[in-house]
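**Q** To start, I am sharing the structure in question, which I have written as structure tokens.
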Number of protein chains: 2
Amino acid sequence: MNQKARTRTAIVRAVHELARSGAEITMPSVAKAALVSEATAYRYFPDLVTLLLEADDGTWPDPAVALAPVADSTDPVERMGFAAKVLLDGVLANESAVRAMIAGSITRPEVAARRPGHRFGLIDAALAPAADRLDPAGLARLRRDLAVVVGAEALFTLTDLCGLGRQDAVESAVHTARTLTGAAFGDR
Amino acid sequence: MNQKARTRTAIVRAVHELARSGAEITMPSVAKAALVSEATAYRYFPDLVTLLLEADDGTWPDPAVALAPVADSTDPVERMGFAAKVLLDGVLANESAVRAMIAGSITRPEVAARRPGHRFGLIDAALAPAADRLDPAGLARLRRDLAVVVGAEALFTLTDLCGLGRQDAVESAVHTARTLTGAAFGDR
DNA sequence: TCCTTCATGAGAGTTGACTCTCACGAAGAG
DNA sequence: CTCTTCGTGAGAGTCAACTCTCATGAAGGA
């Protein structure tokens with residue numbers, strides 16, 4: 001009974017290793033790294049995306065903890081900018097895994113719907129102190145605006161299509177998030 | 001010699017048909033629809049993404065033409081909102097092809113770099129009348145902001161992750177584009 | 001007319017994402 | 001100390017993205 005848990009963690013850990021090393025992540029490569037047969041990997045996780053999802057789960061600190069450095073600020077612009085940086089840096093640290101996840105889910109929206117809500121947790125946490133300064137509709141709209149910008153797809157658009165460097169891309173997206181937040185709160 | 005041209009257009013046209021019908025687009029399905037062997041399809045186009053790229057080429061009207069309805073407006077917010085809607089509606093009309101293209105290029109940034117610049121053409125055209133109201137750096141920043149929002153990835157983020165309907169997603173992205181443009185031009 | 005060039009098809013092969021079946025070996029149950 | 005259950009591995013099979021080779025048939029040139 002411990003066997004199952006051990007196998008499972010071995011597979012998940014293999015994903016972490018591969019992601020950290022930046023290697024391409026495929027079921028065969030993960031299985032090999034985990035010293036498990038591919039069949040076994042599929043027994044534990046129905047598909048690659050699900051595996052990546054679960055491997056990703058738990059890698060992220062609680063939004064409140066992640067935003068600790070701006071805990072004493074109530075300025076939503078400042079907080080949101082920081083939250084964006086946290087998320088995007090996290091994406092960069094696991095780029096190969098995130099790319100594999102997006103590639104695998106883009107043609108299957110049902111699977112994509114289960115994608116982790118890191119961005120939503122961070123956005124909500126960043127906005128929380130100032131949320132009551134917005135009417136519900138405006139807040140919902142801002143969250144949607146930010147969901148588009150504070151995400152891996154936005155980052156890859158900036159690097160792959162706009163040709164920005166990784167850090168420049170993060171900086172650009174952070175700026176966009178700040179702009180949107182500022183606009184929503186009526187800043188100038 | 002006309003033979004090659006005919007084969008090529010047959011393949012491209014097959015892509016258009018499949019995209020219009022919303023069917024899944026794969027090399028085998030395109031080849032079958034074009035009454036061509038898969039080998040021949042690969043002779044004309046090195047890979048699926050390239051084929052989709054070329055098939056997409058020429059489907060879009062000139063940005064100036066596409067923005068004709070707002071030709072007499074110099075309000076960048078108005079123009080950019082319209083441009084965003086044009087682009088996103090176009091994406092929706094070819095969703096299966098666009099998804100296949102993104103899925104195929106997300107794991108190969110080199111290929112993605114060749115993706116069409118519809119968004120850039122539209123953004124520039126929309127901003128043109130007011131471009132001189134911004135300093136070069138500010139304009140470049142705005143273009144990057146908009147490139148993230150006015151794109152298929154943004155649309156799919158809204159539908160697949162946020163759960164919005166297709167039209168709501170377009171509307172949301174249009175709003176975001178307007179907000180960013182307004183913020184850049186100092187509107188309120 | 002003969003011959004070369006050329007467009008194409010057929011088919012095999014590779015890799016990754018999966019699915020399924022079969023059988024082995026270890027561990028717990030009686 | 002058997003018997004069953006369970007976790008696994010091996011291997012075959014499908015489909016898509018490609019890559020390569022070989023053969024055929026049609027078109028154009030000499």
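Chains: A, B, ... in order of the structure tokens. Residues: from 1 per chain. Ligands: from 1, in order shown.
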Determine, using only C-alpha atoms (C1' of nucleotides), which residues of chain B have any atom at most 8 Å from an atom of chain C, and tabulate each with its shortest atom pair and distance in Å to one decimal place, rows ordered by chain and then rising number, as JSON lines.
**A**
```
{"residue": "B:Gln3", "atom": "CA", "partner": "C:DA7", "partner_atom": "C1'", "distance": 7.9}
{"residue": "B:Lys4", "atom": "CA", "partner": "C:DA7", "partner_atom": "C1'", "distance": 7.6}
{"residue": "B:Ser37", "atom": "CA", "partner": "C:DG9", "partner_atom": "C1'", "distance": 6.5}
{"residue": "B:Ala39", "atom": "CA", "partner": "C:DG9", "partner_atom": "C1'", "distance": 7.9}
{"residue": "B:Thr40", "atom": "CA", "partner": "C:DT8", "partner_atom": "C1'", "distance": 6.7}
```
**Q** Starting from chain A, keep only residues with some atom at most 12 Å from an atom of chain D, counting only C-alpha atoms (C1' of nucleotides), and report them as a list in words.
**A**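 On the chain A side, the interface is Met1, Asn2, Gln3, Lys4, Ala5, Arg6, Thr7, Arg8, Leu35, Val36, Ser37, Glu38, Ala39, Thr40, Ala41, Tyr42, Arg43 and Tyr44 of chain A.
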**Q** What does the distance from CA of Asp75 in chain B to CA of Asp89 in chain B come to in Å, to one decimal?
**A**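 So the answer is 21.4 Å.
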**Q** Check every residue of chain A for an atom within 8 Å of chain B, counting only C-alpha atoms, and provide those that qualify as JSON, numbers by chain.
**A** {"A": [99, 100, 102, 103, 104, 106, 107, 109, 110, 112, 113, 114, 115, 141, 144, 145, 147, 148, 149, 153, 154, 156, 157, 158, 160, 161, 162, 163, 172, 173, 176, 179, 180, 183, 186, 188]}
**Q** Can I get the selected residues back with N, CA and C atoms, as a tab-separated table (two decimals), in the first residue's frame?
**A**
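That gives us selection_1.tsv:
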```tsv
chain	number	residue	atom	x	y	z
A	99	ARG	N	4.95	24.54	-21.07
A	99	ARG	CA	4.72	24.46	-22.52
A	99	ARG	C	4.05	23.14	-22.89
A	100	ALA	N	4.53	22.07	-22.31
A	100	ALA	CA	3.93	20.76	-22.60
A	100	ALA	C	2.47	20.75	-22.18
A	102	ILE	N	0.38	23.35	-21.96
A	102	ILE	CA	-0.42	24.17	-22.85
A	102	ILE	C	-0.62	23.46	-24.18
A	103	ALA	N	0.48	22.92	-24.70
A	103	ALA	CA	0.37	22.22	-25.98
A	103	ALA	C	-0.64	21.09	-25.90
A	104	GLY	N	-0.62	20.40	-24.78
A	104	GLY	CA	-1.52	19.27	-24.64
A	104	GLY	C	-2.96	19.65	-24.39
A	106	ILE	N	-4.43	22.75	-25.35
A	106	ILE	CA	-5.01	23.74	-26.25
A	106	ILE	C	-6.01	23.12	-27.21
A	107	THR	N	-5.78	21.86	-27.55
A	107	THR	CA	-6.72	21.22	-28.47
A	107	THR	C	-7.82	20.46	-27.72
A	109	PRO	N	-10.08	21.73	-24.74
A	109	PRO	CA	-10.51	22.71	-23.74
A	109	PRO	C	-11.01	22.08	-22.45
A	110	GLU	N	-11.61	20.89	-22.54
A	110	GLU	CA	-12.14	20.25	-21.32
A	110	GLU	C	-11.00	20.03	-20.34
A	112	ALA	N	-8.18	21.64	-20.35
A	112	ALA	CA	-7.63	22.94	-19.97
A	112	ALA	C	-8.39	23.56	-18.81
A	113	ALA	N	-9.67	23.27	-18.77
A	113	ALA	CA	-10.50	23.85	-17.72
A	113	ALA	C	-10.02	23.43	-16.34
A	114	ARG	N	-9.30	22.30	-16.31
A	114	ARG	CA	-8.84	21.81	-15.01
A	114	ARG	C	-7.49	22.38	-14.66
A	115	ARG	N	-7.00	23.24	-15.52
A	115	ARG	CA	-5.67	23.80	-15.25
A	115	ARG	C	-5.67	24.59	-13.95
A	141	ARG	N	-14.53	42.26	-13.98
A	141	ARG	CA	-13.92	42.64	-15.25
A	141	ARG	C	-12.41	42.74	-15.12
A	144	ARG	N	-10.80	39.37	-15.07
A	144	ARG	CA	-10.70	38.77	-16.40
A	144	ARG	C	-9.56	39.41	-17.18
A	145	ASP	N	-9.49	40.73	-17.10
A	145	ASP	CA	-8.40	41.42	-17.79
A	145	ASP	C	-7.06	40.85	-17.34
A	147	ALA	N	-6.44	37.99	-15.86
A	147	ALA	CA	-6.25	36.56	-16.14
A	147	ALA	C	-5.57	36.35	-17.48
A	148	VAL	N	-5.85	37.24	-18.40
A	148	VAL	CA	-5.25	37.12	-19.73
A	148	VAL	C	-3.77	37.48	-19.70
A	149	VAL	N	-3.46	38.49	-18.93
A	149	VAL	CA	-2.10	39.03	-18.94
A	149	VAL	C	-1.16	38.30	-17.98
A	153	GLU	N	0.52	31.94	-21.20
A	153	GLU	CA	0.27	32.21	-22.61
A	153	GLU	C	0.76	33.62	-22.96
A	154	ALA	N	0.48	34.56	-22.05
A	154	ALA	CA	0.93	35.93	-22.30
A	154	ALA	C	2.45	35.99	-22.38
A	156	PHE	N	4.54	33.62	-23.22
A	156	PHE	CA	5.04	32.99	-24.44
A	156	PHE	C	4.73	33.84	-25.66
A	157	THR	N	3.65	34.56	-25.61
A	157	THR	CA	3.35	35.47	-26.72
A	157	THR	C	4.46	36.52	-26.81
A	158	LEU	N	4.86	37.02	-25.68
A	158	LEU	CA	5.88	38.06	-25.67
A	158	LEU	C	7.25	37.54	-26.09
A	160	ASP	N	7.92	34.47	-27.76
A	160	ASP	CA	7.93	33.78	-29.05
A	160	ASP	C	7.52	34.67	-30.21
A	161	LEU	N	6.50	35.49	-30.01
A	161	LEU	CA	6.00	36.30	-31.12
A	161	LEU	C	6.63	37.68	-31.16
A	162	CYS	N	6.77	38.29	-30.00
A	162	CYS	CA	7.32	39.63	-29.97
A	162	CYS	C	8.85	39.61	-29.91
A	163	GLY	N	9.40	38.44	-29.63
A	163	GLY	CA	10.84	38.32	-29.63
A	163	GLY	C	11.53	38.90	-28.41
A	172	SER	N	7.48	43.24	-19.11
A	172	SER	CA	6.41	43.79	-19.92
A	172	SER	C	5.04	43.38	-19.39
A	173	ALA	N	4.91	42.11	-19.09
A	173	ALA	CA	3.62	41.62	-18.58
A	173	ALA	C	3.30	42.24	-17.23
A	176	THR	N	1.97	45.58	-17.88
A	176	THR	CA	0.59	45.52	-18.37
A	176	THR	C	-0.39	45.27	-17.22
A	179	THR	N	-0.80	48.41	-15.30
A	179	THR	CA	-1.61	49.38	-16.04
A	179	THR	C	-3.10	49.07	-15.91
A	180	LEU	N	-3.43	47.80	-16.10
A	180	LEU	CA	-4.84	47.41	-16.02
A	180	LEU	C	-5.40	47.64	-14.63
A	183	ALA	N	-5.81	51.34	-14.08
A	183	ALA	CA	-6.96	51.87	-14.82
A	183	ALA	C	-8.26	51.53	-14.11
A	186	GLY	N	-8.91	53.70	-11.21
A	186	GLY	CA	-9.00	55.13	-11.49
A	186	GLY	C	-7.73	55.90	-11.27
A	188	ARG	N	-3.97	57.29	-12.32
A	188	ARG	CA	-3.53	57.88	-13.60
A	188	ARG	C	-2.13	57.40	-13.88
```
**Q** Any idea what the distance is between CA of Val77 in chain A and CA of Val170 in chain B?
**A**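 Those two atoms sit 25.2 Å apart.
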**Q** State, in Å with one decimal place, the distance from CA of Asp47 in chain B to CA of Asn94 in chain B.
**A**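 Going from CA of Asp47 in chain B over to CA of Asn94 in chain B covers 18.7 Å.
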